[in-house]
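Only one structure is covered here, and it is reproduced in the block below.
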Amino acid sequence: MTEILPEPSLRAQIAELEMANCMLNDFAALVAHDIRGGLRRVISYTELLSVIPALNGNLDALDSVHIIMASTRRIRLLADGALASPPQPASVVGQSSEGTENSSSSLEGLLNGLKSANRELNDFADSVARGLRTPLGQILSSAGHLTKLPAVTTNPVSRDITQNILTGAQQMQRLIDDYLSFTNAERHAIYRCRISLESLVQLVRHELEPMSAGRKVTWRIAPLPEVEADVSMLRQVLVNLLSNSLKYTTKCPEAVVEIGVQPAPNEHIVFVRDNGIGFDLESARNLFQKFVRLQDDGAIPGVGVGLVVVKHIISRHHGRVWAEGTPGGGATFYFTLPVFS
């Protein structure tokens, strides 16, 4: 039977919303920064493509190039405008739960202001995502069309440039998907029910099979208990952690991903372990605190939102997250879920 989790205290709700609103603002700034980076890549390669002699006079190819350039201008306006300045609702600017007097009316007033700010930030995220999707879809469609034209496929230079345009647009698409993934994790109410963790892990494993296609991946899944959680949110946690393990083991001759549970009183300690690139102690301190990659050389896609989403979802379930790893020696990510009587 599904039930809503008990309401936490006013101060706990305020602290949760303060953290969520701060992360929404930080993430908007990060997306603006990385969207600009993706745009620079698409624009520079599109300009190169437009002057390739092999395409001169090819109206089909030049029409696609013009569509891409027009779409990048629309995206740039969004990145330079709305994305760079997410809303700062006046009702909560400068306020903090630490400086609020300990009265129910004052705390409720601050909580209501934070809820209003949260709604504005989430509505803003939806609006930005909708605004970006149309021009980005046009870039993806036009770049995909270019990759099929004989004038492009028969010319190695044109082919490589077009592939770089398509890759840049796909990276921007992942940014938008990550943005929506985070805001969706924030906006939804939690509905707790009893879940077979083992069945959910197997389901997610099958969902991620395309990431392991053509690779040697060994899965070690221990017997896992039933837990009480929001099924869609817990699925997102597992997707983020298991896909991370698959991403960061791409250079391993044989990737090993292990999922298990450690015994503990009053909580389940779930871990996901891999034999990938790992990380140092300093990185471990930051992984769940801001949007970072384990490896910031651009070789692995994403902006590091996955682990922040994991922390946010588990925190909303009144659990904890942490990580252990060594450079080149793999990583282990832990999260806990309370055991409800």
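By order of appearance in the structure tokens: chains A, B, ..., then residues from 1 within every chain, and ligands from 1 in the order shown.
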
Can you pull out every residue from region 59-211 of chain A that DSSP, working from the backbone, puts in strand (DSSP E or B), and format the result as a PDB file with N, CA, C and O atoms, in the first residue's frame?
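Output (part.pdb):
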ATOM      1  N   TYR A 191       6.099   9.434  -2.400  1.00  0.00           N
ATOM      2  CA  TYR A 191       5.105   8.426  -2.050  1.00  0.00           C
ATOM      3  C   TYR A 191       5.856   7.125  -1.756  1.00  0.00           C
ATOM      4  O   TYR A 191       6.431   6.515  -2.649  1.00  0.00           O
ATOM      5  N   ARG A 192       5.853   6.747  -0.507  1.00  0.00           N
ATOM      6  CA  ARG A 192       6.647   5.594  -0.071  1.00  0.00           C
ATOM      7  C   ARG A 192       5.829   4.316  -0.143  1.00  0.00           C
ATOM      8  O   ARG A 192       4.666   4.266   0.259  1.00  0.00           O
ATOM      9  N   CYS A 193       6.453   3.265  -0.657  1.00  0.00           N
ATOM     10  CA  CYS A 193       5.829   1.954  -0.650  1.00  0.00           C
ATOM     11  C   CYS A 193       6.918   0.896  -0.519  1.00  0.00           C
ATOM     12  O   CYS A 193       8.114   1.197  -0.631  1.00  0.00           O
ATOM     13  N   ARG A 194       6.529  -0.326  -0.243  1.00  0.00           N
ATOM     14  CA  ARG A 194       7.499  -1.411  -0.091  1.00  0.00           C
ATOM     15  C   ARG A 194       7.934  -1.882  -1.473  1.00  0.00           C
ATOM     16  O   ARG A 194       7.102  -2.196  -2.328  1.00  0.00           O
ATOM     17  N   ILE A 195       9.255  -1.919  -1.699  1.00  0.00           N
ATOM     18  CA  ILE A 195       9.832  -2.217  -3.019  1.00  0.00           C
ATOM     19  C   ILE A 195      10.839  -3.342  -2.878  1.00  0.00           C
ATOM     20  O   ILE A 195      11.624  -3.374  -1.913  1.00  0.00           O
ATOM     21  N   SER A 196      10.861  -4.244  -3.838  1.00  0.00           N
ATOM     22  CA  SER A 196      11.944  -5.222  -3.930  1.00  0.00           C
ATOM     23  C   SER A 196      13.145  -4.520  -4.563  1.00  0.00           C
ATOM     24  O   SER A 196      13.154  -4.237  -5.771  1.00  0.00           O
TER      25      SER A 196
END

Quick one: contact table of region 31-86 of chain A to region 129-146 of chain A, 12 Å max, nearest atom pair and distance in Å to one decimal per residue, counting only C-alpha atoms, chain and number order, as JSON lines?
{"residue": "A:Val31", "atom": "CA", "partner": "A:Ala129", "partner_atom": "CA", "distance": 10.7}
{"residue": "A:Ala32", "atom": "CA", "partner": "A:Leu132", "partner_atom": "CA", "distance": 11.3}
{"residue": "A:Ile35", "atom": "CA", "partner": "A:Leu132", "partner_atom": "CA", "distance": 10.0}
{"residue": "A:Gly38", "atom": "CA", "partner": "A:Leu136", "partner_atom": "CA", "distance": 11.0}
{"residue": "A:Leu39", "atom": "CA", "partner": "A:Leu136", "partner_atom": "CA", "distance": 10.2}
{"residue": "A:Val42", "atom": "CA", "partner": "A:Ile139", "partner_atom": "CA", "distance": 9.0}
{"residue": "A:Ile43", "atom": "CA", "partner": "A:Ile139", "partner_atom": "CA", "distance": 10.7}
{"residue": "A:Tyr45", "atom": "CA", "partner": "A:Ala143", "partner_atom": "CA", "distance": 11.1}
{"residue": "A:Thr46", "atom": "CA", "partner": "A:Ala143", "partner_atom": "CA", "distance": 9.5}
{"residue": "A:Leu49", "atom": "CA", "partner": "A:Leu146", "partner_atom": "CA", "distance": 10.3}
{"residue": "A:Ser50", "atom": "CA", "partner": "A:Leu146", "partner_atom": "CA", "distance": 11.8}
{"residue": "A:Leu55", "atom": "CA", "partner": "A:Leu146", "partner_atom": "CA", "distance": 10.7}
{"residue": "A:Asn58", "atom": "CA", "partner": "A:Leu146", "partner_atom": "CA", "distance": 11.2}
{"residue": "A:Leu59", "atom": "CA", "partner": "A:Leu146", "partner_atom": "CA", "distance": 11.6}
{"residue": "A:Asp60", "atom": "CA", "partner": "A:Leu146", "partner_atom": "CA", "distance": 8.6}
{"residue": "A:Ala61", "atom": "CA", "partner": "A:Leu146", "partner_atom": "CA", "distance": 6.3}
{"residue": "A:Leu62", "atom": "CA", "partner": "A:Leu146", "partner_atom": "CA", "distance": 9.4}
{"residue": "A:Asp63", "atom": "CA", "partner": "A:Ser142", "partner_atom": "CA", "distance": 8.8}
{"residue": "A:Ser64", "atom": "CA", "partner": "A:Ser142", "partner_atom": "CA", "distance": 5.1}
{"residue": "A:Val65", "atom": "CA", "partner": "A:Ser142", "partner_atom": "CA", "distance": 7.4}
{"residue": "A:His66", "atom": "CA", "partner": "A:Ser142", "partner_atom": "CA", "distance": 9.3}
{"residue": "A:Ile67", "atom": "CA", "partner": "A:Ser142", "partner_atom": "CA", "distance": 7.1}
{"residue": "A:Ile68", "atom": "CA", "partner": "A:Ile139", "partner_atom": "CA", "distance": 5.0}
{"residue": "A:Met69", "atom": "CA", "partner": "A:Ile139", "partner_atom": "CA", "distance": 8.4}
{"residue": "A:Ala70", "atom": "CA", "partner": "A:Pro135", "partner_atom": "CA", "distance": 8.3}
{"residue": "A:Ser71", "atom": "CA", "partner": "A:Pro135", "partner_atom": "CA", "distance": 4.8}
{"residue": "A:Thr72", "atom": "CA", "partner": "A:Pro135", "partner_atom": "CA", "distance": 7.2}
{"residue": "A:Arg73", "atom": "CA", "partner": "A:Pro135", "partner_atom": "CA", "distance": 9.0}
{"residue": "A:Arg74", "atom": "CA", "partner": "A:Pro135", "partner_atom": "CA", "distance": 6.7}
{"residue": "A:Ile75", "atom": "CA", "partner": "A:Leu132", "partner_atom": "CA", "distance": 6.2}
{"residue": "A:Arg76", "atom": "CA", "partner": "A:Leu132", "partner_atom": "CA", "distance": 9.6}
{"residue": "A:Leu77", "atom": "CA", "partner": "A:Leu132", "partner_atom": "CA", "distance": 10.1}
{"residue": "A:Leu78", "atom": "CA", "partner": "A:Leu132", "partner_atom": "CA", "distance": 7.6}
{"residue": "A:Ala79", "atom": "CA", "partner": "A:Leu132", "partner_atom": "CA", "distance": 9.1}
{"residue": "A:Gly81", "atom": "CA", "partner": "A:Gly131", "partner_atom": "CA", "distance": 11.9}
{"residue": "A:Ala82", "atom": "CA", "partner": "A:Gly131", "partner_atom": "CA", "distance": 10.3}
{"residue": "A:Leu83", "atom": "CA", "partner": "A:Ala129", "partner_atom": "CA", "distance": 10.0}

Close residues, region 320-332 of chain A itself excluded, 7 Å, only C-alpha atoms, min 4 positions apart in chain, as a VMD selection string: chain A and resid 271 to 280 284 311 314 to 315 336

Distance of CA of Arg36 (chain A) from CA of Ser158 (chain A), expressed in Å to one decimal place: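 Rounded to one decimal, the two atoms are 23.4 Å apart.
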
Nearby residues (only C-alpha atoms) at most 8 Å from region 258-266 of chain A, same-chain spacing under 3 positions excluded, as a list in words: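 Selected residues are Trp219, Arg220, Ile221, Ala222, Pro223, Leu224, Ile269, Val270, Phe271, Val272, Arg273, Asp274, Pro338, Val339 and Phe340 of chain A.
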
Among listed residues A:Asp126, A:Ala54, A:Val217, A:Ala189, nearest Thr154 (chain A) (using only C-alpha atoms):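 Of all the options, A:Ala54 lies closest to Thr154 (chain A).
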
DSSP helix (DSSP H, G or I) selection over region 122-290 of chain A, as a PyMOL selection string: chain A and resi 122-146+150-153+156-187+197-207+209-212+231-247+281-286

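Distance-wise, CA of Glu108 (chain A) and CA of Leu10 (chain A) end up 7.1 Å apart.
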
Counting only C-alpha atoms, the option among A:Val201, A:Ala125, A:Leu24, A:Val51 closest to Val239 (chain A):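 Selected residue with least distance to Val239 (chain A): A:Val201.
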
Point-to-point distance from CA of Lys216 (chain A) to CA of Glu254 (chain A), Å rounded to tenths: 5.1 Å

Contact residues around Val157 (chain A) with only C-alpha atoms at 9 Å, ignoring same-chain residues under 4 positions, as an mmCIF file with N, CA, C and O atoms, in the first residue's frame:
data_model
loop_
_atom_site.group_PDB
_atom_site.id
_atom_site.type_symbol
_atom_site.label_atom_id
_atom_site.label_comp_id
_atom_site.auth_asym_id
_atom_site.auth_seq_id
_atom_site.Cartn_x
_atom_site.Cartn_y
_atom_site.Cartn_z
ATOM 1 N N LEU A 49 32.206 24.495 -42.070
ATOM 2 C CA LEU A 49 31.485 23.699 -43.068
ATOM 3 C C LEU A 49 30.958 24.577 -44.198
ATOM 4 O O LEU A 49 30.936 24.169 -45.366
ATOM 5 N N ILE A 52 33.483 25.079 -47.062
ATOM 6 C CA ILE A 52 34.112 23.924 -47.715
ATOM 7 C C ILE A 52 33.785 23.960 -49.215
ATOM 8 O O ILE A 52 32.604 24.007 -49.587
ATOM 9 N N VAL A 152 28.639 15.312 -48.334
ATOM 10 C CA VAL A 152 29.328 15.284 -47.041
ATOM 11 C C VAL A 152 30.015 13.950 -46.826
ATOM 12 O O VAL A 152 31.189 13.878 -46.447
ATOM 13 N N ILE A 161 33.763 17.367 -39.857
ATOM 14 C CA ILE A 161 33.202 18.615 -39.328
ATOM 15 C C ILE A 161 31.738 18.429 -38.954
ATOM 16 O O ILE A 161 31.285 18.865 -37.892
ATOM 17 N N THR A 162 30.981 17.763 -39.815
ATOM 18 C CA THR A 162 29.559 17.535 -39.545
ATOM 19 C C THR A 162 29.364 16.680 -38.307
ATOM 20 O O THR A 162 28.461 16.927 -37.491
#

Residue with smallest distance to Glu120 (chain A) - pool A:Asn244, A:Thr183, A:Gln236, A:Gln13, counting only C-alpha atoms: A:Thr183

Need to verify the contact set: Leu234 (chain A), 9 Å, only C-alpha atoms, exclusion of same-chain residues closer than 6 positions in sequence. Can you return it as a PDB file with N, CA, C and O atoms, in the first residue's frame?
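Okay, this is what ended up in part19.pdb:
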ATOM      1  N   LEU A 197      14.149  -4.223  -3.751  1.00  0.00           N
ATOM      2  CA  LEU A 197      15.335  -3.538  -4.259  1.00  0.00           C
ATOM      3  C   LEU A 197      16.031  -4.381  -5.327  1.00  0.00           C
ATOM      4  O   LEU A 197      16.521  -3.859  -6.336  1.00  0.00           O
ATOM      5  N   LEU A 200      14.250  -4.029  -8.637  1.00  0.00           N
ATOM      6  CA  LEU A 200      14.463  -2.708  -9.206  1.00  0.00           C
ATOM      7  C   LEU A 200      15.871  -2.590  -9.796  1.00  0.00           C
ATOM      8  O   LEU A 200      16.054  -2.019 -10.877  1.00  0.00           O
ATOM      9  N   VAL A 310      21.210  12.246  -6.744  1.00  0.00           N
ATOM     10  CA  VAL A 310      21.225  11.122  -5.799  1.00  0.00           C
ATOM     11  C   VAL A 310      21.151  11.634  -4.367  1.00  0.00           C
ATOM     12  O   VAL A 310      20.342  11.179  -3.557  1.00  0.00           O
ATOM     13  N   ILE A 313      17.655  13.215  -3.573  1.00  0.00           N
ATOM     14  CA  ILE A 313      16.582  12.226  -3.403  1.00  0.00           C
ATOM     15  C   ILE A 313      16.747  11.469  -2.092  1.00  0.00           C
ATOM     16  O   ILE A 313      15.775  11.280  -1.343  1.00  0.00           O
ATOM     17  N   ILE A 314      17.960  11.019  -1.800  1.00  0.00           N
ATOM     18  CA  ILE A 314      18.180  10.257  -0.570  1.00  0.00           C
ATOM     19  C   ILE A 314      17.958  11.134   0.656  1.00  0.00           C
ATOM     20  O   ILE A 314      17.404  10.684   1.676  1.00  0.00           O
TER      21      ILE A 314
END
